Amino acid sequence: MKKIINDPNLVVQDMLKGMVSANPSAIKQLPETTVIVRSDVPTVNKVGLVSGGGSGHEPAHAGYVGKGMLDAAVAGEVFTSPTPDQVLEGIKAVNGNAGVFLIIKNYTGDVLNFEMAAELAEAEGIKVEQVIVNDDVAVEDSSFTTGRRGIAGTIFVHKIAGAKAEQGAALDEVKSVAEKVVANVRSMGMALTPCTVPAAGKPSFELKENEMEIGIGIHGESGIERKEISTADEIASELVHKILDDGVHGPGDEVAVMINGLGSTPEMELYIINSKVNEILNEKGIHVYKTFVGEYMTALEMAGCSVTLLKLDDELKSLLDSRSEAPAFLV
Amino acid sequence: MKKIINDPNLVVQDMLKGMVSANPSAIKQLPETTVIVRSDVPTVNKVGLVSGGGSGHEPAHAGYVGKGMLDAAVAGEVFTSPTPDQVLEGIKAVNGNAGVFLIIKNYTGDVLNFEMAAELAEAEGIKVEQVIVNDDVAVEDSSFTTGRRGIAGTIFVHKIAGAKAEQGAALDEVKSVAEKVVANVRSMGMALTPCTVPAAGKPSFELKENEMEIGIGIHGESGIERKEISTADEIASELVHKILDDGVHGPGDEVAVMINGLGSTPEMELYIINSKVNEILNEKGIHVYKTFVGEYMTALEMAGCSVTLLKLDDELKSLLDSRSEAPAFLV
Amino acid sequence: MELRVEDAIQWFTKVNEKIQENKDYLTSLDQVIGDSDHGINMARGFQEVENKLSTQEYQEVADVLKEVAMTLISKVGGASGPLFGTAFLKFSQAVKGINPVDYTSFTSGIEEALQGVMHRGKATTGEKTMIDVWAPVVHSFQEAHDFEDNPFLKVAKQAMEDTKDIMATKGRAAYFKGKSIGYIDPGAASTYLIFEALEEVIKGSK
Amino acid sequence: MELRVEDAIQWFTKVNEKIQENKDYLTSLDQVIGDSDHGINMARGFQEVENKLSTQEYQEVADVLKEVAMTLISKVGGASGPLFGTAFLKFSQAVKGINPVDYTSFTSGIEEALQGVMHRGKATTGEKTMIDVWAPVVHSFQEAHDFEDNPFLKVAKQAMEDTKDIMATKGRAAYFKGKSIGYIDPGAASTYLIFEALEEVIKGSK
Ligand SMILES: Nc1ncnc2c1ncn2[C@@H]1O[C@H](COP(=O)(O)OP(=O)(O)O)[C@@H](O)[C@H]1O
Ligand SMILES: Nc1ncnc2c1ncn2[C@@H]1O[C@H](COP(=O)(O)OP(=O)(O)O)[C@@H](O)[C@H]1O
Ligand SMILES: [Mg+2]
Ligand SMILES: [Mg+2]
Ligand SMILES: [Mg+2]
Ligand SMILES: [Mg+2]
């Protein structure tokens, strides 16, 4: 395991220190927590937005803290959702008396810890609402199981709910636009290599030199199908078609596209994927309104990518385009 | 070699297509070239800025094309500087009759090809000036050799010369501010893994599980010293001290800091490095004006990072802060 | 026997020892059908429990259980933190005011713990989670009449082994669907360690 | 012999064959003290040269050399593209109007080529570059009196081998300083192949 770290048990703490010293005027760390907040919280009469989750997905989530996006990001240990007391600190810090909105990725750990925090906050008289993001079509959408995971599509929820809150919308309005994003966003990922949790010291699975995993998540868990590496065009096609098969995006629709690198995939390769994704969408009569290519939701140093499509209407377009000062999503 | 590509010989072409389809309103590709230009070139009476170099350093250089930064980026094959005819096309496309300024990284190939292009452009009556960036303190600064390489510090030259040109400055003013940046910027890098040129198919060197290379460039060439991996703090300290030893940055100075990932280093690790870099600079009485953490100048999927320090004065600060619409360096 | 404050402290001291010893083992289970952190999570949480228990004073067993619960909730994270935390919080509430804790109260305590886990995790038996160890242990407590004659450890061990045969439908392992079959559930394994520690306390006090 | 248009075409056809055969070898040399692209660069450039030469018509040797030069300049990139391009451009200019090219003109041609490389690359002999093969070959042409009695190939081979002992001070290999010693310079190796092809043309025409 080759990592530029000091101590596997201190990576989150060291990282947060480095984040704040990189942006000392824009963000701050709540003392003795793993919570990063906008320097100006709480913004009075604005709904406060809190997200977060395990670390190792950088720039998610602290990179999305900034005017027009999140008010707070709560960091857990690597790939481990943060604890309720930390989330509660975030909620309390951003509560500007218009209520607090939680954006939660659909993992049992995230849901449980954020829910417990919400219960504690409500007990303190803070109004809390939430949305659960589950954009990963690799996982079956079943009411008998935990259901689909939240992956890169989450960034669109941050952006759009953040813009809505910034406009002064009420808590229920923020919630309903966030739910609209969740209803219209789908993602699908693949990987060429696993990744190594610093404290675990070895990769979570192994892939042969000629193998790839389709339908992988962002926690080093293996995917739904292992097969021989194909060309970028074939990979792009497989990911897009799996998303389109879900039935949300079709001819005549306008979409935002995100080509997300999982950690060690060169940007060159992400653009090669985008070239094909764009071509397929054009062929299908799906209009690409805006494209985002880069590392938005990573899995440490995993090599691979995900494709996300978000169906847009006029409201979502204008919220997507509105100003954001979050360092990892400047608009 | 695991890569998400179609054909090793087509990676640059496929990538450029994907870049343009991601930003169709902001940039375009000159037909039958590997040149990406701002959609609105030539901007009349503005000095045109052209940079470029081998591919594999994305987002450099096409990601820095945009209002307030470059007018054109010329892409060569992977790690191979582009040819004079391509550079010439870029120069001709951005010439708005205020002259064209070339930002060249100090590699024999880049210098020769850009120089030949400049000669050809001058023969066509276009005024051309240039700066050669050589920020890498890993290499000896000797007049008997090719001298120091240009690495991540180049981005600061793009930004600041770009801002100056956008203000309507004359060619010699753009040149002189670019030279000021070059005189005040120094970088130093290290790597944990090599990288693989797609068409070569195998890595350029090998490193043991416990080894790192100090003083590495951005072309998969090995570094100046191979040794056992140390902690992030020790690495940060070694890189910063090597830069400070060059004598340009000292107590009382204000600097911009760039912590640049070489390709597959998780952002988490870059922030861990930043934390220590910031601490050292504070201790030395060097004031950090602004910090940039991310992937700015990569070497395909190499794991590692570089640290860059730029000494600032009031002019450089205001140019660094002025608006940029380049997708990879939004300000 | 009845469970006194010092027994409760000893119980979780032993749990911590076992978790630390099995940290890599638990993580390796989570590497196959999860995200490689279960041992790390549990070790972090129980180390903190041990730090607390070895320095604080407690009036009654319920206080110890509450300390365990609150520490796990605030130190573990992931799915297992809130679940084990809820378990011991409910347990604590059920035995509040009863000190030492007799067999019947202990039994209602772990019944409540199980209910808490099921409610919090919206899960039931047969889904390949820690519930598949908690539930049969609770049943064993309901069937038996005192700590000493209760075969709960054998039951727990068998139940843990049996999670191999289940296809996961809850937690992260559910993403693996059929591929989750054949492996022990990490949370089931750590739950087993908790009862192994309990058995040692019971044996030691005989 | 004298070099006619068809000899010049044959020369570069053979150069292309040799470069394609040695593509991986040249890249592997560049892997050690460079950036792993020299074989790829040269193969791309000379394949294009071959495509041009096999389809176009040429009046005189200088035209062939100019085609080679311009193609290398626009297809190779890197350091070697402009350098080999400049070499053949200067060569072409030196023999312009002389057709076929006799030994004396050829000699002035490669003298000019060498000067062009040195001027363009701001380098001289002993810096571990292609110049360390070009220069002794030029010297060999100056010493001898006709193509047939000229030991230039032996000279080129020895010169290429001798680049091993040089510490690089120009080009990418200079970054390796002392560590560049012990390896053949990639550009020296491709220059050798160019002269190996020339020797075959000379032999074939005997
Ligand atoms: N809904 C649930 N109900 C009960 N137990 C669960 C549930 N989801 C997960 N678990 C338990 O949690 C364990 C995983 O814990 P851990 O690895 O620490 O958290 P995470 O899955 O968030 O990484 C599983 O092995 C399982 O026993
Ligand atoms: N300044 C120079 N003068 C002459 N030859 C040079 C010079 N710099 C480099 N070379 C030659 O170029 C070769 C490298 O070519 P190539 O690998 O294609 O380009 P790059 O170094 O840009 O990757 C070296 O082996 C050397 O022979
Ligand atoms: Mg986890
Ligand atoms: Mg090169
Ligand atoms: Mg886990
Ligand atoms: Mg080379």
# chains A, B, ... in the order shown; residues from 1 in each chain; ligands from 1
call {"tool": "residues_near_ligand", "arguments": {"ligand": "ligand 5", "cutoff": "10 Å", "atoms": "only C-alpha atoms and all ligand atoms", "output": "VMD selection string"}}
result
(chain A and resid 79 to 81 109 219 221) or (chain C and resid 26 to 27 29 to 31 33 to 42 77 to 80 171 to 173 186 to 187)
call {"tool": "interface_residues", "arguments": {"of": "chain B", "to": "chain A", "cutoff": "7 Å", "atoms": "only C-alpha atoms", "output": "PDB file with N, CA, C and O atoms, in the first residue's frame"}}
result
ATOM      1  N   LYS B   2      -3.761  -1.056 -17.971  1.00  0.00           N
ATOM      2  CA  LYS B   2      -5.214  -0.938 -17.951  1.00  0.00           C
ATOM      3  C   LYS B   2      -5.599   0.504 -18.240  1.00  0.00           C
ATOM      4  O   LYS B   2      -5.323   1.386 -17.443  1.00  0.00           O
ATOM      5  N   ILE B   4      -8.772   3.100 -20.120  1.00  0.00           N
ATOM      6  CA  ILE B   4     -10.071   3.226 -20.762  1.00  0.00           C
ATOM      7  C   ILE B   4      -9.860   4.002 -22.059  1.00  0.00           C
ATOM      8  O   ILE B   4      -9.988   5.222 -22.107  1.00  0.00           O
ATOM      9  N   ILE B   5      -9.484   3.272 -23.109  1.00  0.00           N
ATOM     10  CA  ILE B   5      -9.195   3.911 -24.390  1.00  0.00           C
ATOM     11  C   ILE B   5      -9.730   3.025 -25.511  1.00  0.00           C
ATOM     12  O   ILE B   5     -10.146   1.880 -25.273  1.00  0.00           O
ATOM     13  N   ASN B   6      -9.718   3.546 -26.713  1.00  0.00           N
ATOM     14  CA  ASN B   6     -10.122   2.738 -27.856  1.00  0.00           C
ATOM     15  C   ASN B   6      -8.905   2.177 -28.574  1.00  0.00           C
ATOM     16  O   ASN B   6      -8.792   0.983 -28.780  1.00  0.00           O
ATOM     17  N   ASP B  14      -9.439  11.218 -29.812  1.00  0.00           N
ATOM     18  CA  ASP B  14     -10.677  10.906 -29.070  1.00  0.00           C
ATOM     19  C   ASP B  14     -10.876  11.870 -27.904  1.00  0.00           C
ATOM     20  O   ASP B  14     -11.980  12.315 -27.625  1.00  0.00           O
ATOM     21  N   MET B  15      -9.766  12.157 -27.219  1.00  0.00           N
ATOM     22  CA  MET B  15      -9.854  13.061 -26.075  1.00  0.00           C
ATOM     23  C   MET B  15     -10.310  14.455 -26.502  1.00  0.00           C
ATOM     24  O   MET B  15     -11.193  15.053 -25.877  1.00  0.00           O
ATOM     25  N   LYS B  17     -12.045  15.324 -29.015  1.00  0.00           N
ATOM     26  CA  LYS B  17     -13.468  15.271 -29.366  1.00  0.00           C
ATOM     27  C   LYS B  17     -14.316  15.349 -28.096  1.00  0.00           C
ATOM     28  O   LYS B  17     -15.299  16.092 -28.029  1.00  0.00           O
ATOM     29  N   GLY B  18     -13.916  14.591 -27.081  1.00  0.00           N
ATOM     30  CA  GLY B  18     -14.669  14.589 -25.831  1.00  0.00           C
ATOM     31  C   GLY B  18     -14.597  15.922 -25.104  1.00  0.00           C
ATOM     32  O   GLY B  18     -15.544  16.314 -24.414  1.00  0.00           O
ATOM     33  N   MET B  19     -13.464  16.613 -25.257  1.00  0.00           N
ATOM     34  CA  MET B  19     -13.336  17.935 -24.620  1.00  0.00           C
ATOM     35  C   MET B  19     -14.281  18.928 -25.265  1.00  0.00           C
ATOM     36  O   MET B  19     -14.964  19.685 -24.570  1.00  0.00           O
ATOM     37  N   SER B  21     -16.981  18.276 -26.996  1.00  0.00           N
ATOM     38  CA  SER B  21     -18.398  17.979 -26.763  1.00  0.00           C
ATOM     39  C   SER B  21     -18.792  18.268 -25.313  1.00  0.00           C
ATOM     40  O   SER B  21     -19.969  18.434 -25.010  1.00  0.00           O
ATOM     41  N   ALA B  22     -17.822  18.388 -24.417  1.00  0.00           N
ATOM     42  CA  ALA B  22     -18.148  18.781 -23.037  1.00  0.00           C
ATOM     43  C   ALA B  22     -18.331  20.292 -22.900  1.00  0.00           C
ATOM     44  O   ALA B  22     -19.012  20.753 -21.988  1.00  0.00           O
ATOM     45  N   GLY B  56      -1.392  14.057 -22.100  1.00  0.00           N
ATOM     46  CA  GLY B  56      -1.130  13.236 -20.926  1.00  0.00           C
ATOM     47  C   GLY B  56      -0.967  14.060 -19.664  1.00  0.00           C
ATOM     48  O   GLY B  56      -0.738  13.514 -18.583  1.00  0.00           O
ATOM     49  N   GLU B  58      -3.364  16.404 -18.759  1.00  0.00           N
ATOM     50  CA  GLU B  58      -4.671  17.020 -18.581  1.00  0.00           C
ATOM     51  C   GLU B  58      -4.966  17.267 -17.091  1.00  0.00           C
ATOM     52  O   GLU B  58      -4.623  16.431 -16.272  1.00  0.00           O
ATOM     53  N   PRO B  59      -5.630  18.397 -16.776  1.00  0.00           N
ATOM     54  CA  PRO B  59      -6.263  19.367 -17.667  1.00  0.00           C
ATOM     55  C   PRO B  59      -5.316  20.244 -18.490  1.00  0.00           C
ATOM     56  O   PRO B  59      -5.812  21.004 -19.318  1.00  0.00           O
ATOM     57  N   LEU B 192       5.086   8.041  -6.361  1.00  0.00           N
ATOM     58  CA  LEU B 192       5.049   6.707  -5.757  1.00  0.00           C
ATOM     59  C   LEU B 192       4.998   5.613  -6.814  1.00  0.00           C
ATOM     60  O   LEU B 192       5.320   4.463  -6.546  1.00  0.00           O
ATOM     61  N   GLU B 209       7.514  -1.680  -3.691  1.00  0.00           N
ATOM     62  CA  GLU B 209       6.376  -1.353  -2.839  1.00  0.00           C
ATOM     63  C   GLU B 209       6.711  -0.317  -1.761  1.00  0.00           C
ATOM     64  O   GLU B 209       5.837   0.389  -1.269  1.00  0.00           O
ATOM     65  N   THR B 231       6.850   9.622   5.650  1.00  0.00           N
ATOM     66  CA  THR B 231       5.516  10.130   5.961  1.00  0.00           C
ATOM     67  C   THR B 231       5.198  11.336   5.084  1.00  0.00           C
ATOM     68  O   THR B 231       6.082  11.963   4.510  1.00  0.00           O
ATOM     69  N   ALA B 232       3.911  11.669   5.032  1.00  0.00           N
ATOM     70  CA  ALA B 232       3.476  12.841   4.273  1.00  0.00           C
ATOM     71  C   ALA B 232       4.192  14.085   4.782  1.00  0.00           C
ATOM     72  O   ALA B 232       4.619  14.939   3.986  1.00  0.00           O
ATOM     73  N   ASP B 233       4.335  14.192   6.087  1.00  0.00           N
ATOM     74  CA  ASP B 233       4.992  15.380   6.650  1.00  0.00           C
ATOM     75  C   ASP B 233       6.439  15.487   6.197  1.00  0.00           C
ATOM     76  O   ASP B 233       6.930  16.562   5.852  1.00  0.00           O
ATOM     77  N   GLY B 263      -1.825  12.498 -10.875  1.00  0.00           N
ATOM     78  CA  GLY B 263      -2.765  11.678 -11.648  1.00  0.00           C
ATOM     79  C   GLY B 263      -3.603  10.778 -10.782  1.00  0.00           C
ATOM     80  O   GLY B 263      -4.823  10.857 -10.788  1.00  0.00           O
ATOM     81  N   SER B 264      -2.970   9.913  -9.990  1.00  0.00           N
ATOM     82  CA  SER B 264      -3.795   8.987  -9.235  1.00  0.00           C
ATOM     83  C   SER B 264      -3.693   9.170  -7.725  1.00  0.00           C
ATOM     84  O   SER B 264      -4.135   8.317  -6.974  1.00  0.00           O
ATOM     85  N   THR B 265      -3.134  10.280  -7.309  1.00  0.00           N
ATOM     86  CA  THR B 265      -3.084  10.514  -5.869  1.00  0.00           C
ATOM     87  C   THR B 265      -4.410  11.082  -5.382  1.00  0.00           C
ATOM     88  O   THR B 265      -4.867  12.094  -5.897  1.00  0.00           O
ATOM     89  N   PRO B 266      -5.048  10.422  -4.411  1.00  0.00           N
ATOM     90  CA  PRO B 266      -6.324  10.920  -3.902  1.00  0.00           C
ATOM     91  C   PRO B 266      -6.190  12.348  -3.370  1.00  0.00           C
ATOM     92  O   PRO B 266      -5.149  12.707  -2.806  1.00  0.00           O
ATOM     93  N   GLU B 267      -7.242  13.109  -3.563  1.00  0.00           N
ATOM     94  CA  GLU B 267      -7.243  14.498  -3.098  1.00  0.00           C
ATOM     95  C   GLU B 267      -6.975  14.540  -1.586  1.00  0.00           C
ATOM     96  O   GLU B 267      -6.352  15.469  -1.078  1.00  0.00           O
ATOM     97  N   MET B 268      -7.448  13.521  -0.887  1.00  0.00           N
ATOM     98  CA  MET B 268      -7.177  13.414   0.547  1.00  0.00           C
ATOM     99  C   MET B 268      -5.692  13.582   0.840  1.00  0.00           C
ATOM    100  O   MET B 268      -5.295  14.321   1.744  1.00  0.00           O
ATOM    101  N   GLU B 269      -4.856  12.899   0.068  1.00  0.00           N
ATOM    102  CA  GLU B 269      -3.416  12.944   0.312  1.00  0.00           C
ATOM    103  C   GLU B 269      -2.837  14.314  -0.031  1.00  0.00           C
ATOM    104  O   GLU B 269      -1.918  14.797   0.631  1.00  0.00           O
ATOM    105  N   TYR B 271      -4.369  17.101   0.360  1.00  0.00           N
ATOM    106  CA  TYR B 271      -4.695  17.988   1.474  1.00  0.00           C
ATOM    107  C   TYR B 271      -3.806  17.698   2.682  1.00  0.00           C
ATOM    108  O   TYR B 271      -3.452  18.602   3.433  1.00  0.00           O
ATOM    109  N   ILE B 272      -3.449  16.443   2.869  1.00  0.00           N
ATOM    110  CA  ILE B 272      -2.538  16.100   3.968  1.00  0.00           C
ATOM    111  C   ILE B 272      -1.187  16.783   3.739  1.00  0.00           C
ATOM    112  O   ILE B 272      -0.588  17.352   4.657  1.00  0.00           O
ATOM    113  N   ASN B 274      -0.786  19.492   1.965  1.00  0.00           N
ATOM    114  CA  ASN B 274      -0.988  20.939   2.123  1.00  0.00           C
ATOM    115  C   ASN B 274      -0.936  21.368   3.583  1.00  0.00           C
ATOM    116  O   ASN B 274      -0.435  22.443   3.912  1.00  0.00           O
ATOM    117  N   SER B 275      -1.486  20.524   4.431  1.00  0.00           N
ATOM    118  CA  SER B 275      -1.505  20.855   5.847  1.00  0.00           C
ATOM    119  C   SER B 275      -0.088  21.124   6.355  1.00  0.00           C
ATOM    120  O   SER B 275       0.180  22.107   7.047  1.00  0.00           O
ATOM    121  N   ASN B 278       1.648  24.254   4.611  1.00  0.00           N
ATOM    122  CA  ASN B 278       1.139  25.477   5.220  1.00  0.00           C
ATOM    123  C   ASN B 278       1.818  25.757   6.559  1.00  0.00           C
ATOM    124  O   ASN B 278       2.227  26.877   6.860  1.00  0.00           O
ATOM    125  N   THR B 291      -4.206  29.309  -1.923  1.00  0.00           N
ATOM    126  CA  THR B 291      -3.736  27.934  -2.086  1.00  0.00           C
ATOM    127  C   THR B 291      -4.591  27.218  -3.125  1.00  0.00           C
ATOM    128  O   THR B 291      -5.809  27.357  -3.125  1.00  0.00           O
ATOM    129  N   PHE B 292      -3.946  26.462  -3.984  1.00  0.00           N
ATOM    130  CA  PHE B 292      -4.647  25.660  -4.984  1.00  0.00           C
ATOM    131  C   PHE B 292      -4.283  24.195  -4.767  1.00  0.00           C
ATOM    132  O   PHE B 292      -3.104  23.845  -4.801  1.00  0.00           O
ATOM    133  N   LEU B 300      -0.303  11.425 -16.768  1.00  0.00           N
ATOM    134  CA  LEU B 300      -1.183  10.261 -16.907  1.00  0.00           C
ATOM    135  C   LEU B 300      -1.635   9.785 -15.529  1.00  0.00           C
ATOM    136  O   LEU B 300      -2.148  10.585 -14.766  1.00  0.00           O
ATOM    137  N   GLU B 301      -1.408   8.501 -15.220  1.00  0.00           N
ATOM    138  CA  GLU B 301      -1.910   7.966 -13.949  1.00  0.00           C
ATOM    139  C   GLU B 301      -0.796   7.822 -12.912  1.00  0.00           C
ATOM    140  O   GLU B 301      -0.861   6.976 -12.017  1.00  0.00           O
ATOM    141  N   LEU B 330     -11.337  28.112 -12.912  1.00  0.00           N
ATOM    142  CA  LEU B 330     -12.368  29.136 -12.796  1.00  0.00           C
ATOM    143  C   LEU B 330     -12.036  30.067 -11.634  1.00  0.00           C
ATOM    144  O   LEU B 330     -11.713  29.621 -10.542  1.00  0.00           O
TER     145      LEU B 330
END
call {"tool": "atom_distance", "arguments": {"atom1": "CA of Gly215 in chain B", "atom2": "CA of Val133 in chain B"}}
result
16.9 Å
call {"tool": "residues_around", "arguments": {"residues": "Glu127 in chain C", "least_positions_apart": "2", "cutoff": "7 Å", "atoms": "only C-alpha atoms", "output": "list in words"}}
result
Thr124, Thr125, Thr129, Ile166, Met167, Ala168, Thr169 and Lys170 of chain C
call {"tool": "select_by_dssp", "arguments": {"residues": "range 114-294 of chain A", "states": "strand (DSSP E)", "output": "ChimeraX atom specification"}}
result
/A:128-133,185-191,211-214,225-228,254-261,287-294
